[in-house]
Amino acid sequence: MTTPAIVLEDLTVDFGSVRALAGVTATIAGGPVGLLGRNGAGKSTLIRTLLGLVRPASGRAKLYGFDSAREPLPIRHRIGYMPEKDCFVPGLSGLRLVAFAGELSALPPLEALRRAHEVLYYVGLEEQRYRPASTYSAGMKQRLKLALALVHDPPLLFLDEPTNGLDPRGRREMLDLIRDLARRGKDLVLSTHLLPDVEYVCRDVLMLDRGRTVAQGPIRELCGNDQTIFQVEVRGDRDRFRGALAARGLSPLPDQGGAPARATEIALPADGRTAVLFQAASDAGVQVRRLRSRRRTLEEAFLDLVGAD
Amino acid sequence: MPLYEAGYRTYAGPRPEPRFRFLPIIRMELRELWRLKRLRLPFIAAFTPCLVHVVLLYISSIGQYRYDEPLKLPFYAKYFTEPWNWVCLLLVTTAYGTALIARDLKSNALDLYFSRPVTGSDYVLGKCLALATPLLLLTMVPMVTIWGAAALLEPDWEFLGQSWPWLPKILGCALLVTTVLTIPCLAVSTLSANAWFAGGTWIVLFLFSDVAANLVREIFRHSRYSWFGLAHAVRQTNAWLFDPPRRPYQFDPEVGAGFLAALLVLSLGRLWWFKRKYV
């Protein structure tokens with residue numbers, strides 16, 4: 001049996017009187033995992049605790065079997081951290097900075113330099129590697145931070161808002177890089193507010209709210225992908241149609257603003273038949289003018305779980 | 001072609017367990033120091049007196065002119081507290097030393113260090129040694145060079161035979177000056193993320209202590225109350241090492257050493273607090 005990448009056992013972190021994490025318990029086997037939560041939910045605190053930079057008040061966090069509070073150095077050998085904020089040594093070129101990060105991660109100096117060339121090429125900064133990092137554009141800085149996280153080839157990556165400040169093309173390229181890394185067997189934790197990014201890259205998610213775990217598991221299960229959502233637009237009395245659906249044991253979904261104004265959304269089993277919708281329309285004396293199916297998005301699941309406020 | 005098609009290669013090279021995790025920090029900082037153009041002038045200026053002394057010794061050895069200052073022990077005891085050398089050290093510590101940590105605080109570089117297998121102690125030690133190395137170069141090399149030139153240019157080996165016990169004292173003096181400048185300078189560097197502010201604070205502390213100490217000495221016509229001047233304290237502590245003839249108006253070496261010890265303890269406390277706060 002392989003050791004899970006991350007194990008959190010009743011992890012509690014306090015900053016003075018503020019409780020940042022309140023008994024978070026989760027097990028992440030590996031692979032690409034999205035870390036979701038609103039601002040202040042505890043995502044960054046969780047990452048800093050896993051890095052050993054924050055000491056938990058109680059509970060434990062383990063990475064590959066190492067306790068984050070007692071054995072931070074073996075953990076830091078095995079992770080690459082891409083922070084949300086820029087973290088560069090002023091004056092250093094991209095190449096020197098990445099090579100320096102490699103040396104700090106215990107690579108011999110010449111190997112670190114060779115490896116810096118490789119990862120800068122991989123992230124697409126081969127032309128700009130000799131320029132001072134402080135002169136890079138926002139997109140180049142994000143790529144440089146990814147190179148810094150990758151230079152020592154860690155098995156686990158923490159990516160904190162990796163697509164921040166990127167234009168649509170840059171964002172897609174960054175996500176492609178991250179997905180490629182996941183495909184090559186890297187475990188990664190992607191912390192972001194952009195739920196489509198998580199859906200694009202990750203298989204599993206861990207959702208936090210006010211320092212607590214609200215959901216964990218495969219995206220398919222959280223999105224209820226054993227169901228299909230149908231948007232039905234009718235001509236006639238819409239309320240009578242909703243009443244007819246209710247009479248057949250089907251409750252329309254609450255309006256979250258994503259559907260057209262006149263449409264009624266209803267979830268049916270993925271292998272269910274749509275005949276029941278037409279029968280309900282017939283019972284209500286309304287005419288079905290449009291019928292569209294779609295999958296439930298991660299955003300909807302997220303809003304259901306943590307609330308829209 | 002999408003970027004990722006360039007391919008990611010896994011690293012299969014050596015990963016030795018590092019014995020000194022602070023070494024990359026020293027290497028990087030010294031490499032950057034070498035590139036700093038603004039520090040070239042203070043470095044050249046710091047070596048100029050040494051060059052002048054060596055030239056004078058040479059002229060003395062070939063002509064009628066007799067220059068024998070470097071043949072006397074007190075010359076070495078006060079070499080670094082001479083205004084020229086002291087100001088050069090002030091310039092180097094201000095332009096280079098006070099930015100070492102302040103710059104990392106401003107650019108959020110601590111995340112870069114501490115997400116890697118580097119402890120707070122490694123970081124502080126690396127920065128200390130990165131500052132101490134050029135300071136040792138500036139202090140040890142000129143004194144040893146002057147002493148070596150004096151020994152070599154003497155017509156016989158008598159001076160060498162008499163003065164070889166000075167060498168450990170010279171090295172001790174250089175270590176003392178380096179230590180009392182390195183640790184307080186780094187402690188000042190942790191005060192702010194603004195390197196200019198840290199540099200200004202260091203200059204003010206440095207100058208205030210010496211200017212005020214000199215004023216007090218002039219007012220009382222005695223250096224008894226000048227122990228809080230850094231240069232005075234270093235000079236008096238050197239008296240322990242070199243034991244030159246005491247002058248009646250000087251304060252006890254123990255007072256100077258006590259002041260320097262208190263300064264070092266205070267600075268180490270600040271660095272320890274910094275390490276605890278950020279790691």
# chains A, B, ... in the order shown; residues from 1 in each chain; ligands from 1

call {"tool": "interface_residues", "arguments": {"of": "chain B", "to": "chain A", "cutoff": "7 Å", "atoms": "only C-alpha atoms", "output": "list in words"}}
result
Leu3, Tyr4, Ala6, Gly7, Tyr8, Thr10, Tyr11, Arg15, Pro16, Glu17, Pro18, Pro24, Asp104, Ser107, Asn108, Ala109, Asp111, Leu112, Ser115, Arg116, Pro117, Val118 and Val279 of chain B

call {"tool": "closest_residue", "arguments": {"among": "B:Leu71, B:Leu23, B:Ile62, B:Ala233", "to": "Ala150 (chain B)", "atoms": "only C-alpha atoms"}}
result
B:Leu71

call {"tool": "residues_around", "arguments": {"residues": "Ser192 (chain B)", "least_positions_apart": "3", "cutoff": "12 Å", "atoms": "only C-alpha atoms", "output": "list in words"}}
result
Thr98, Ala99, Leu100, Ile101, Ala102, Arg103, Asp104, Leu105, Lys106, Leu186, Ala187, Val188, Ser189, Ala195, Trp196, Phe197, Ala198, Gly199, Gly200, Thr201, Trp202 and Phe274 of chain B

call {"tool": "atom_distance", "arguments": {"atom1": "CA of Gly224 (chain A)", "atom2": "CA of Arg295 (chain A)"}}
result
8.5 Å

call {"tool": "atom_distance", "arguments": {"atom1": "CA of Val98 (chain A)", "atom2": "CA of Ala182 (chain A)"}}
result
21.3 Å

call {"tool": "select_by_dssp", "arguments": {"residues": "region 22-234 of chain B", "states": "helix (DSSP H, G or I)", "output": "ChimeraX atom specification"}}
result
/B:23-35,37-62,69-71,73-77,83-97,99-106,110-114,120-153,158-163,166-189,195-220,223-225,230-234

call {"tool": "atom_distance", "arguments": {"atom1": "CA of Gln216 (chain A)", "atom2": "CA of Leu156 (chain A)"}}
result
18.7 Å

call {"tool": "residues_around", "arguments": {"residues": "Gly126 (chain B)", "least_positions_apart": "2", "cutoff": "8 Å", "atoms": "only C-alpha atoms", "output": "CSV table (one decimal) with C-alpha atoms, in the first residue's frame"}}
result
chain,number,residue,atom,x,y,z
B,22,PHE,CA,23.9,28.2,4.3
B,23,LEU,CA,26.7,27.9,1.6
B,25,ILE,CA,23.4,31.9,0.4
B,26,ILE,CA,27.0,33.0,0.9
B,122,ASP,CA,20.9,28.6,8.1
B,123,TYR,CA,19.5,31.8,6.7
B,124,VAL,CA,20.8,34.1,9.4
B,128,CYS,CA,26.2,36.9,8.6
B,129,LEU,CA,29.0,35.1,6.8
B,130,ALA,CA,28.1,36.8,3.5

call {"tool": "residues_around", "arguments": {"residues": "Arg183 (chain A)", "least_positions_apart": "6", "cutoff": "10 Å", "atoms": "only C-alpha atoms", "output": "PyMOL selection string"}}
result
chain A and resi 31-32+177+201

call {"tool": "residues_around", "arguments": {"residues": "Val211 (chain B)", "least_positions_apart": "4", "cutoff": "8 Å", "atoms": "only C-alpha atoms", "output": "list in words"}}
result
Leu207, Leu215 and Gly229 of chain B
